[in-house]
Amino acid sequence: MAKKSNKQDRFAVWVPCKGYVKRWLLANFNRPDEYWQELVNLSPNREFADDFKKRLTRAEARRDSSVKGRYTTRVAIEITYDTFQRYGWELTPTETLRWNTKMESEVKQVLHTYNAMLSVTGLSIADRIKRFRNATGITELDWDTDSIRKELQRNSKISGNDDFEQIVKKIEQKCWAILSKSGHITEQGKELYERD
């Protein structure tokens with residue numbers, strides 16, 4: 001249900017979600033002020049903002065027990081007054097599940113890319129998970145280690161991942177630059193090695 005602050009014209013839709021989704025949304029889209037300490041504004045990502053708008057409804061959405069039991073927390077997603085009037089202020093249980101599936105997929109893509117990048121260093125999976133937690137602030141309560149490990153073991157796909165390829169290219173460029181600067185290879189060799 002949308003809630004309006006008395007002091008400001010900011011509206012929010014409270015959406016149930018998993019802890020790690022909330023953590024990721026707040027890290028990337030939190031727009032706090034003195035009245036809202038945690039308020040997610042999806043407008044920097046047009047695809048997410050448009051997708052969320054399309055899922056809104058004006059009707060009273062019936063509560064579904066599968067939605068309540070499935071999610072441990074909830075997050076406030078900011079909407080404009082225009083969105084409130086034109087699209088609505090709630091997600092149906094079905095749309096809540098679909099939206100969460102989309103957001104969970106985004107977080108998992110970050111996890112997989114980060115894991116793939118660290119895998120080239122030889123770090124153990126346990127160390128990669130620890131580093132992911134430190135970097136993202138996702139706690140054990142948000143997403144337990146066994147679930148993360150299972151996700152990585154079942155669904156890690158290194159080959160064909162564009163994000164991973166970009167990371168590897170950057171690592172290679174940095175390596176050639178260091179070797180060139182230290183005199184182990186020449187500028188000519190560096191240019192040759194950096195060719196696609």
# chains A, B, ... in the order shown; residues from 1 in each chain; ligands from 1
call {"tool": "residues_around", "arguments": {"residues": "Thr186 of chain A", "least_positions_apart": "6", "cutoff": "10 Å", "atoms": "only C-alpha atoms", "output": "list in words"}}
result
Trp176, Ala177, Leu179, Ser180 and Leu192 of chain A
call {"tool": "residues_around", "arguments": {"residues": "segment 84-86 of chain A", "least_positions_apart": "6", "cutoff": "10 Å", "atoms": "only C-alpha atoms", "output": "compact mmCIF listing (two decimals) with C-alpha atoms, in the first residue's frame"}}
result
# COMPACT_ATOMS: atom_id res chain seq x y z
CA ALA A 2 1.30 3.45 -0.86
CA PHE A 11 4.81 8.16 -2.06
CA ALA A 12 5.99 4.62 -1.45
CA VAL A 13 4.74 1.14 -2.20
CA LYS A 53 5.05 0.87 -12.83
CA LEU A 56 1.06 -1.66 -10.08
CA THR A 57 -2.68 -1.90 -9.56
CA ARG A 58 -5.32 0.36 -8.03
CA GLU A 78 9.12 5.37 -4.24
call {"tool": "closest_residue", "arguments": {"among": "A:Leu39, A:Ala126, A:Ala76, A:Ile138", "to": "Val107 of chain A", "atoms": "only C-alpha atoms"}}
result
A:Ile138
call {"tool": "closest_residue", "arguments": {"among": "A:Lys150, A:Tyr114, A:Leu141, A:Arg128", "to": "Phe164 of chain A", "atoms": "only C-alpha atoms"}}
result
A:Tyr114
call {"tool": "closest_residue", "arguments": {"among": "A:Tyr20, A:Trp143, A:Phe29, A:Phe132", "to": "Asn41 of chain A", "atoms": "only C-alpha atoms"}}
result
A:Phe29
call {"tool": "select_by_dssp", "arguments": {"residues": "segment 7-111 of chain A", "states": "strand (DSSP E or B)", "output": "short mmCIF file (atom, residue, chain, number, x, y, z; two decimals) with N, CA, C and O atoms, in the first residue's frame"}}
result
data_model
loop_
_atom_site.label_atom_id
_atom_site.label_comp_id
_atom_site.auth_asym_id
_atom_site.auth_seq_id
_atom_site.Cartn_x
_atom_site.Cartn_y
_atom_site.Cartn_z
N PHE A 11 5.68 9.31 -2.24
CA PHE A 11 4.81 8.16 -2.06
C PHE A 11 5.66 6.90 -2.15
O PHE A 11 6.64 6.87 -2.89
N ALA A 12 5.25 5.88 -1.42
CA ALA A 12 5.99 4.62 -1.45
C ALA A 12 5.04 3.44 -1.48
O ALA A 12 3.98 3.48 -0.87
N VAL A 13 5.45 2.41 -2.19
CA VAL A 13 4.74 1.14 -2.20
C VAL A 13 5.62 0.17 -1.40
O VAL A 13 6.79 -0.01 -1.72
N TRP A 14 5.05 -0.43 -0.38
CA TRP A 14 5.79 -1.41 0.42
C TRP A 14 5.67 -2.78 -0.23
O TRP A 14 4.57 -3.27 -0.45
N VAL A 15 6.83 -3.36 -0.56
CA VAL A 15 6.85 -4.63 -1.27
C VAL A 15 7.63 -5.66 -0.46
O VAL A 15 8.78 -5.42 -0.09
N PRO A 16 7.03 -6.82 -0.18
CA PRO A 16 7.77 -7.90 0.48
C PRO A 16 8.90 -8.39 -0.43
O PRO A 16 8.73 -8.45 -1.66
N CYS A 17 10.05 -8.73 0.16
CA CYS A 17 11.17 -9.23 -0.64
C CYS A 17 12.13 -10.00 0.25
O CYS A 17 12.00 -10.00 1.47
N ASN A 30 18.86 3.74 -3.03
CA ASN A 30 18.32 4.43 -1.85
C ASN A 30 18.41 5.94 -2.03
O ASN A 30 19.46 6.47 -2.41
N VAL A 40 13.63 3.42 -1.73
CA VAL A 40 14.22 3.03 -3.02
C VAL A 40 13.55 3.82 -4.13
O VAL A 40 12.33 3.84 -4.26
N LEU A 56 1.93 -2.26 -11.09
CA LEU A 56 1.06 -1.66 -10.08
C LEU A 56 -0.41 -1.81 -10.43
O LEU A 56 -0.78 -1.89 -11.59
N THR A 57 -1.23 -1.84 -9.38
CA THR A 57 -2.68 -1.90 -9.56
C THR A 57 -3.35 -0.95 -8.57
O THR A 57 -2.78 -0.64 -7.53
N THR A 73 11.37 -9.79 4.65
CA THR A 73 11.43 -8.35 4.88
C THR A 73 10.61 -7.64 3.82
O THR A 73 10.00 -8.27 2.97
N ARG A 74 10.60 -6.33 3.88
CA ARG A 74 9.93 -5.55 2.85
C ARG A 74 10.71 -4.27 2.60
O ARG A 74 11.48 -3.82 3.45
N VAL A 75 10.47 -3.70 1.44
CA VAL A 75 11.19 -2.50 1.04
C VAL A 75 10.19 -1.48 0.50
O VAL A 75 9.18 -1.85 -0.10
N ALA A 76 10.48 -0.21 0.75
CA ALA A 76 9.63 0.88 0.26
C ALA A 76 10.17 1.36 -1.09
O ALA A 76 11.30 1.80 -1.19
N ILE A 77 9.34 1.26 -2.13
CA ILE A 77 9.70 1.70 -3.47
C ILE A 77 8.97 3.02 -3.73
O ILE A 77 7.74 3.08 -3.67
N GLU A 78 9.72 4.05 -4.01
CA GLU A 78 9.12 5.37 -4.24
C GLU A 78 8.41 5.43 -5.59
O GLU A 78 8.91 4.91 -6.59
N ILE A 79 7.23 6.05 -5.58
CA ILE A 79 6.51 6.31 -6.82
C ILE A 79 6.08 7.78 -6.80
O ILE A 79 5.97 8.39 -5.74
N GLU A 90 -0.36 -0.66 -5.41
CA GLU A 90 -0.08 -1.98 -4.85
C GLU A 90 0.32 -2.95 -5.94
O GLU A 90 0.03 -2.75 -7.11
N LEU A 91 0.98 -4.03 -5.50
CA LEU A 91 1.27 -5.15 -6.39
C LEU A 91 0.39 -6.32 -5.96
O LEU A 91 0.24 -6.57 -4.77
#
call {"tool": "closest_residue", "arguments": {"among": "A:Arg70, A:Glu187, A:Asn134, A:Arg23", "to": "Thr96 of chain A", "atoms": "only C-alpha atoms"}}
result
A:Arg70
call {"tool": "select_by_dssp", "arguments": {"residues": "segment 29-138 of chain A", "states": "alpha helix (DSSP H)", "output": "VMD selection string"}}
result
chain A and resid 29 46 to 55 65 to 70 81 to 86 93 to 119 125 to 136
call {"tool": "decode", "arguments": {"residues": "segment 77-112 of chain A", "atoms": "N, CA, C and O atoms", "output": "compact mmCIF listing (two decimals), in the first residue's frame"}}
result
# COMPACT_ATOMS: atom_id res chain seq x y z
N ILE A 77 9.34 1.26 -2.13
CA ILE A 77 9.70 1.70 -3.47
C ILE A 77 8.97 3.02 -3.73
O ILE A 77 7.74 3.08 -3.67
N GLU A 78 9.72 4.05 -4.01
CA GLU A 78 9.12 5.37 -4.24
C GLU A 78 8.41 5.43 -5.59
O GLU A 78 8.91 4.91 -6.59
N ILE A 79 7.23 6.05 -5.58
CA ILE A 79 6.51 6.31 -6.82
C ILE A 79 6.08 7.78 -6.80
O ILE A 79 5.97 8.39 -5.74
N THR A 80 5.85 8.32 -7.96
CA THR A 80 5.40 9.71 -8.05
C THR A 80 3.89 9.78 -7.86
O THR A 80 3.19 8.77 -7.96
N TYR A 81 3.40 10.98 -7.64
CA TYR A 81 1.95 11.17 -7.52
C TYR A 81 1.27 10.79 -8.82
O TYR A 81 0.21 10.16 -8.82
N ASP A 82 1.90 11.13 -9.94
CA ASP A 82 1.35 10.78 -11.25
C ASP A 82 1.24 9.26 -11.40
O ASP A 82 0.23 8.74 -11.87
N THR A 83 2.29 8.54 -11.00
CA THR A 83 2.26 7.08 -11.06
C THR A 83 1.16 6.54 -10.15
O THR A 83 0.42 5.63 -10.52
N PHE A 84 1.05 7.09 -8.97
CA PHE A 84 0.01 6.72 -8.02
C PHE A 84 -1.37 6.84 -8.64
O PHE A 84 -2.18 5.92 -8.57
N GLN A 85 -1.61 7.96 -9.33
CA GLN A 85 -2.92 8.23 -9.94
C GLN A 85 -3.17 7.37 -11.19
O GLN A 85 -4.26 6.88 -11.39
N ARG A 86 -2.15 7.23 -12.02
CA ARG A 86 -2.34 6.55 -13.30
C ARG A 86 -2.26 5.03 -13.23
O ARG A 86 -2.97 4.33 -13.94
N TYR A 87 -1.34 4.53 -12.40
CA TYR A 87 -1.10 3.08 -12.38
C TYR A 87 -1.65 2.38 -11.14
O TYR A 87 -2.12 1.26 -11.22
N GLY A 88 -1.49 3.00 -9.99
CA GLY A 88 -1.95 2.39 -8.76
C GLY A 88 -0.92 2.45 -7.67
O GLY A 88 0.07 3.17 -7.76
N TRP A 89 -1.14 1.66 -6.62
CA TRP A 89 -0.32 1.77 -5.42
C TRP A 89 -0.01 0.43 -4.76
O TRP A 89 0.55 0.39 -3.69
N GLU A 90 -0.36 -0.66 -5.41
CA GLU A 90 -0.08 -1.98 -4.85
C GLU A 90 0.32 -2.95 -5.94
O GLU A 90 0.03 -2.75 -7.11
N LEU A 91 0.98 -4.03 -5.50
CA LEU A 91 1.27 -5.15 -6.39
C LEU A 91 0.39 -6.32 -5.96
O LEU A 91 0.24 -6.57 -4.77
N THR A 92 -0.16 -7.02 -6.92
CA THR A 92 -0.90 -8.24 -6.59
C THR A 92 0.11 -9.27 -6.11
O THR A 92 1.32 -9.15 -6.36
N PRO A 93 -0.34 -10.33 -5.43
CA PRO A 93 0.60 -11.38 -5.02
C PRO A 93 1.39 -11.96 -6.20
O PRO A 93 2.59 -12.20 -6.09
N THR A 94 0.73 -12.15 -7.33
CA THR A 94 1.41 -12.69 -8.51
C THR A 94 2.48 -11.73 -9.00
O THR A 94 3.61 -12.14 -9.31
N GLU A 95 2.17 -10.44 -9.07
CA GLU A 95 3.15 -9.45 -9.53
C GLU A 95 4.28 -9.28 -8.51
O GLU A 95 5.42 -9.02 -8.89
N THR A 96 3.97 -9.44 -7.24
CA THR A 96 5.01 -9.39 -6.20
C THR A 96 6.02 -10.50 -6.45
O THR A 96 7.24 -10.27 -6.42
N LEU A 97 5.52 -11.71 -6.72
CA LEU A 97 6.41 -12.84 -7.00
C LEU A 97 7.23 -12.60 -8.26
O LEU A 97 8.44 -12.85 -8.29
N ARG A 98 6.60 -12.11 -9.31
CA ARG A 98 7.31 -11.88 -10.58
C ARG A 98 8.37 -10.79 -10.42
O ARG A 98 9.48 -10.92 -10.96
N TRP A 99 8.02 -9.71 -9.73
CA TRP A 99 8.97 -8.62 -9.55
C TRP A 99 10.17 -9.10 -8.73
O TRP A 99 11.31 -8.80 -9.05
N ASN A 100 9.89 -9.88 -7.69
CA ASN A 100 10.97 -10.41 -6.87
C ASN A 100 11.87 -11.35 -7.66
O ASN A 100 13.09 -11.32 -7.50
N THR A 101 11.28 -12.16 -8.51
CA THR A 101 12.08 -13.06 -9.35
C THR A 101 13.05 -12.25 -10.22
O THR A 101 14.22 -12.61 -10.36
N LYS A 102 12.56 -11.16 -10.77
CA LYS A 102 13.40 -10.29 -11.60
C LYS A 102 14.54 -9.68 -10.78
O LYS A 102 15.70 -9.68 -11.19
N MET A 103 14.23 -9.17 -9.59
CA MET A 103 15.24 -8.53 -8.75
C MET A 103 16.25 -9.56 -8.22
O MET A 103 17.44 -9.29 -8.15
N GLU A 104 15.76 -10.75 -7.85
CA GLU A 104 16.67 -11.80 -7.39
C GLU A 104 17.64 -12.18 -8.49
O GLU A 104 18.83 -12.41 -8.25
N SER A 105 17.16 -12.23 -9.71
CA SER A 105 18.01 -12.53 -10.86
C SER A 105 19.11 -11.48 -11.04
O SER A 105 20.26 -11.81 -11.36
N GLU A 106 18.76 -10.22 -10.81
CA GLU A 106 19.76 -9.14 -10.91
C GLU A 106 20.87 -9.33 -9.88
O GLU A 106 22.04 -9.18 -10.18
N VAL A 107 20.48 -9.60 -8.63
CA VAL A 107 21.47 -9.79 -7.57
C VAL A 107 22.34 -11.00 -7.87
O VAL A 107 23.56 -10.97 -7.70
N LYS A 108 21.72 -12.06 -8.36
CA LYS A 108 22.48 -13.27 -8.69
C LYS A 108 23.45 -13.03 -9.84
O LYS A 108 24.56 -13.58 -9.86
N GLN A 109 23.09 -12.16 -10.77
CA GLN A 109 24.01 -11.82 -11.86
C GLN A 109 25.25 -11.11 -11.31
O GLN A 109 26.37 -11.37 -11.72
N VAL A 110 25.03 -10.22 -10.35
CA VAL A 110 26.16 -9.53 -9.69
C VAL A 110 27.03 -10.56 -8.98
O VAL A 110 28.26 -10.55 -9.11
N LEU A 111 26.40 -11.47 -8.23
CA LEU A 111 27.14 -12.52 -7.52
C LEU A 111 27.96 -13.36 -8.49
O LEU A 111 29.16 -13.58 -8.27
N HIS A 112 27.35 -13.81 -9.57
CA HIS A 112 28.05 -14.68 -10.52
C HIS A 112 29.21 -13.97 -11.21
O HIS A 112 30.28 -14.55 -11.39
